[in-house]
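Below is one structure, written out as structure tokens; comments come after it.
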Amino acid sequence: MIVKVFKQMLLTQILSAMTVTLCMLIDSIMIGRFLGIDSMTAYGLATPILLVFAALGAMISAGVQVVSGKTLGRGDKKGTNSCFTISIFMALGISVVALILVFFAPNPLCTLLGAGKAIEGNDVFFLTKDYLTGFIIGAPAFVFAQIMVPYIQVAGEQPRLVTAVALMTVADIVFDLLNVFVFKGLMFGMGLASSLSYYIALGVGLTYFLSSKCLFRFKVKNIKAKMIASILNSGVPTVINQISL
């Protein structure tokens with residue numbers, strides 16, 4: 001029994017770790033193959049920002065896995081709902097920061113990343129800006145997608161997670177190809193393709209969270225300050241590891 005459960009959890013752990021990486025890998029291959037050296041350079045410059053926000057999502061996900069596992073184990077329904085509600089607010093906060101940073105301060109951000117300045121002839125700068133703009137539209141989806149993983153795992157809904165990652169991967173490939181051959185959206189289109197694929201994955205997950213059999217409930221009154229600290233403390237090693245990588 002334990003071996004069976006371990007094998008099921010192992011697959012979902014691997015897939016959950018790949019939710020962000022898969023789309024980035026696909027974009028890398030597509031950009032390198034179809035859009036040229038300047039676009040590949042821009043993608044490389046944009047990657048650290050994407051990884052930082054992915055690391056913050058992973059931090060909350062790791063914290064949730066520990067804390068919700070404990071509350072469910074001892075039958076603490078209010079504690080579980082508190083963890084669920086807090087994690088949603090955290091994901092929303094990270095998403096808002098990401099959107100504000102890219103939409104309201106894109107030029108200094110791209111310069112900080114090493115793309116130079118917004119001057120005529122500096123194609124790499126504008127390509128970097130375009131990719132970040134397209135990708136960050138999906139910030140809510142790729143942060144929330146990471147956070148829903150531990151809840152789906154503890155609820156025993158692993159097939160749903162596998163479906164979400166599979167659809168996300170296929171969608172990103174299809175959208176990237178449509179961008180290259182049909183819409184000609186260049187780097188903005190590549191970023192937007194990833195965003196749309198994340199929303200598809202999130203949509204699959206939401207079919208559980210919006211169902212009557214969902215174990216978790218969004219209840220603001222159950223929020224506990226101590227729970228926030230517990231989630232952050234449990235997730236800090238993950239974010240340090242991710243940012244170091």
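Chain lettering (A, B, ...) mirrors the order of the structure tokens, residue numbering begins at 1 for each chain separately, and ligand numbering begins at 1 in order of display.
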- What lies within 6 Å of region 60-69 of chain A using only C-alpha atoms, ignoring chain neighbours under 4 positions off, as a VMD selection string? chain A and resid 73 80 147 150 231 234 to 235
- Item | Shell of 10 Å around region 180-196 of chain A, only C-alpha atoms, local chain residues under 6 positions omitted, as an NGL selection string | :A and (20 or 22-24 or 26-28 or 30-31 or 34-35 or 39-40 or 42-43 or 126-142 or 168-169 or 171-174 or 202)
- Exercise: Gly116 (chain A) partners within 8 Å, only C-alpha atoms, chain neighbours under 6 positions left out, as a list in words: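 Near Gly116 (chain A), the qualifying residues are Cys110, Asn122 and Phe125 of chain A.
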Take the residues just selected and output them with C-alpha atoms as a PDB file, in the first residue's frame.
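The file below, again17.pdb, is the result:
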```pdb
ATOM      1  CA  CYS A 110      15.083  45.121 -19.055  1.00  0.00           C
ATOM      2  CA  ASN A 122      18.896  47.660 -29.913  1.00  0.00           C
ATOM      3  CA  PHE A 125      16.021  45.242 -25.594  1.00  0.00           C
TER       4      PHE A 125
END
```
- Query: Which polymer residues have any atom within 12 Å of an atom of Phe209 (chain A), counting only C-alpha atoms, with same-chain residues fewer than 2 positions away left out, as a PyMOL selection string?
  - Reply: chain A and resi 84+144-145+148-149+151-152+155+157+160+202-207+211-218
Restricting it to N, CA, C and O atoms, dump the selection as a tab-separated table (two decimals), in the first residue's frame.
```tsv
chain	number	residue	atom	x	y	z
A	84	PHE	N	-5.48	27.28	3.11
A	84	PHE	CA	-5.95	27.44	1.74
A	84	PHE	C	-6.21	28.91	1.41
A	84	PHE	O	-5.78	29.42	0.37
A	144	PHE	N	-0.67	30.45	-9.39
A	144	PHE	CA	-1.77	29.66	-8.82
A	144	PHE	C	-1.66	28.19	-9.20
A	144	PHE	O	-2.03	27.31	-8.41
A	145	ALA	N	-1.16	27.90	-10.41
A	145	ALA	CA	-1.01	26.51	-10.83
A	145	ALA	C	-0.04	25.77	-9.92
A	145	ALA	O	-0.26	24.59	-9.59
A	148	MET	N	-1.79	25.12	-6.44
A	148	MET	CA	-2.89	24.14	-6.38
A	148	MET	C	-2.36	22.71	-6.35
A	148	MET	O	-3.09	21.80	-5.94
A	149	VAL	N	-1.10	22.52	-6.73
A	149	VAL	CA	-0.54	21.16	-6.81
A	149	VAL	C	-0.61	20.41	-5.49
A	149	VAL	O	-1.12	19.28	-5.44
A	151	TYR	N	-2.50	20.78	-2.91
A	151	TYR	CA	-3.89	20.51	-2.51
A	151	TYR	C	-4.47	19.36	-3.32
A	151	TYR	O	-5.18	18.49	-2.78
A	152	ILE	N	-4.18	19.34	-4.61
A	152	ILE	CA	-4.67	18.26	-5.46
A	152	ILE	C	-4.04	16.93	-5.05
A	152	ILE	O	-4.69	15.88	-5.06
A	155	ALA	N	-5.59	15.64	-1.83
A	155	ALA	CA	-6.98	15.27	-2.06
A	155	ALA	C	-7.09	13.97	-2.86
A	155	ALA	O	-8.20	13.46	-3.09
A	157	GLU	N	-6.22	13.56	-6.05
A	157	GLU	CA	-6.67	13.86	-7.41
A	157	GLU	C	-5.49	13.89	-8.40
A	157	GLU	O	-5.43	14.73	-9.29
A	160	ARG	N	-5.94	14.23	-12.24
A	160	ARG	CA	-6.30	15.58	-12.69
A	160	ARG	C	-5.04	16.42	-12.91
A	160	ARG	O	-4.95	17.21	-13.85
A	202	LEU	N	-4.49	25.73	-15.24
A	202	LEU	CA	-5.23	26.24	-14.08
A	202	LEU	C	-6.72	25.88	-14.20
A	202	LEU	O	-7.35	25.51	-13.21
A	203	GLY	N	-7.24	25.99	-15.41
A	203	GLY	CA	-8.65	25.66	-15.63
A	203	GLY	C	-8.98	24.22	-15.27
A	203	GLY	O	-10.02	23.94	-14.68
A	204	VAL	N	-8.06	23.31	-15.61
A	204	VAL	CA	-8.26	21.90	-15.26
A	204	VAL	C	-8.29	21.74	-13.74
A	204	VAL	O	-9.13	21.02	-13.19
A	205	GLY	N	-7.37	22.41	-13.06
A	205	GLY	CA	-7.34	22.34	-11.60
A	205	GLY	C	-8.58	22.92	-10.96
A	205	GLY	O	-9.09	22.38	-9.96
A	206	LEU	N	-9.09	23.99	-11.53
A	206	LEU	CA	-10.27	24.64	-10.95
A	206	LEU	C	-11.51	23.76	-11.01
A	206	LEU	O	-12.45	23.96	-10.23
A	207	THR	N	-11.52	22.80	-11.92
A	207	THR	CA	-12.68	21.90	-11.99
A	207	THR	C	-12.83	21.10	-10.68
A	207	THR	O	-13.93	20.68	-10.33
A	211	SER	N	-15.71	22.26	-7.37
A	211	SER	CA	-16.68	21.16	-7.25
A	211	SER	C	-17.14	21.00	-5.81
A	211	SER	O	-16.50	21.47	-4.87
A	212	SER	N	-18.25	20.31	-5.64
A	212	SER	CA	-18.81	20.11	-4.30
A	212	SER	C	-17.97	19.18	-3.44
A	212	SER	O	-18.05	19.21	-2.21
A	213	LYS	N	-17.14	18.34	-4.07
A	213	LYS	CA	-16.34	17.38	-3.30
A	213	LYS	C	-15.00	17.95	-2.85
A	213	LYS	O	-14.21	17.25	-2.21
A	214	CYS	N	-14.73	19.22	-3.17
A	214	CYS	CA	-13.47	19.86	-2.78
A	214	CYS	C	-13.34	19.89	-1.26
A	214	CYS	O	-14.28	20.27	-0.55
A	215	LEU	N	-12.17	19.50	-0.75
A	215	LEU	CA	-11.93	19.46	0.69
A	215	LEU	C	-11.63	20.83	1.28
A	215	LEU	O	-11.64	21.01	2.49
A	216	PHE	N	-11.35	21.82	0.41
A	216	PHE	CA	-10.86	23.11	0.88
A	216	PHE	C	-11.86	24.22	0.60
A	216	PHE	O	-12.51	24.23	-0.44
A	217	ARG	N	-11.95	25.17	1.53
A	217	ARG	CA	-12.88	26.28	1.39
A	217	ARG	C	-12.18	27.61	1.63
A	217	ARG	O	-11.35	27.71	2.53
A	218	PHE	N	-12.51	28.59	0.81
A	218	PHE	CA	-11.96	29.93	0.96
A	218	PHE	C	-12.79	30.67	2.01
A	218	PHE	O	-13.94	31.03	1.77
```
- Task: Please give the complete set of residues from region 50-143 of chain A that DSSP, run on the backbone, assigns to alpha helix (DSSP H), formatted as a PyMOL selection string.
- Result: chain A and resi 50-73+77-104+106-113+123-136+139-143
- How far is it from CA of Pro108 (chain A) to CA of Tyr199 (chain A), in Å with one decimal? 28.0 Å
- From the set A:Gly93, A:Gly121, A:Gly79, A:Gly32, which residue has the shortest atom-to-atom contact distance to Lys219 (chain A), counting only C-alpha atoms?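 Using only C-alpha atoms, Lys219 (chain A) sits closest to A:Gly79.
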- Query: At what distance in Å, to one decimal, does CA of Thr47 (chain A) lie from CA of Leu101 (chain A)?
  - Reply: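 Between CA of Leu101 (chain A) and CA of Thr47 (chain A) the gap is 14.9 Å.
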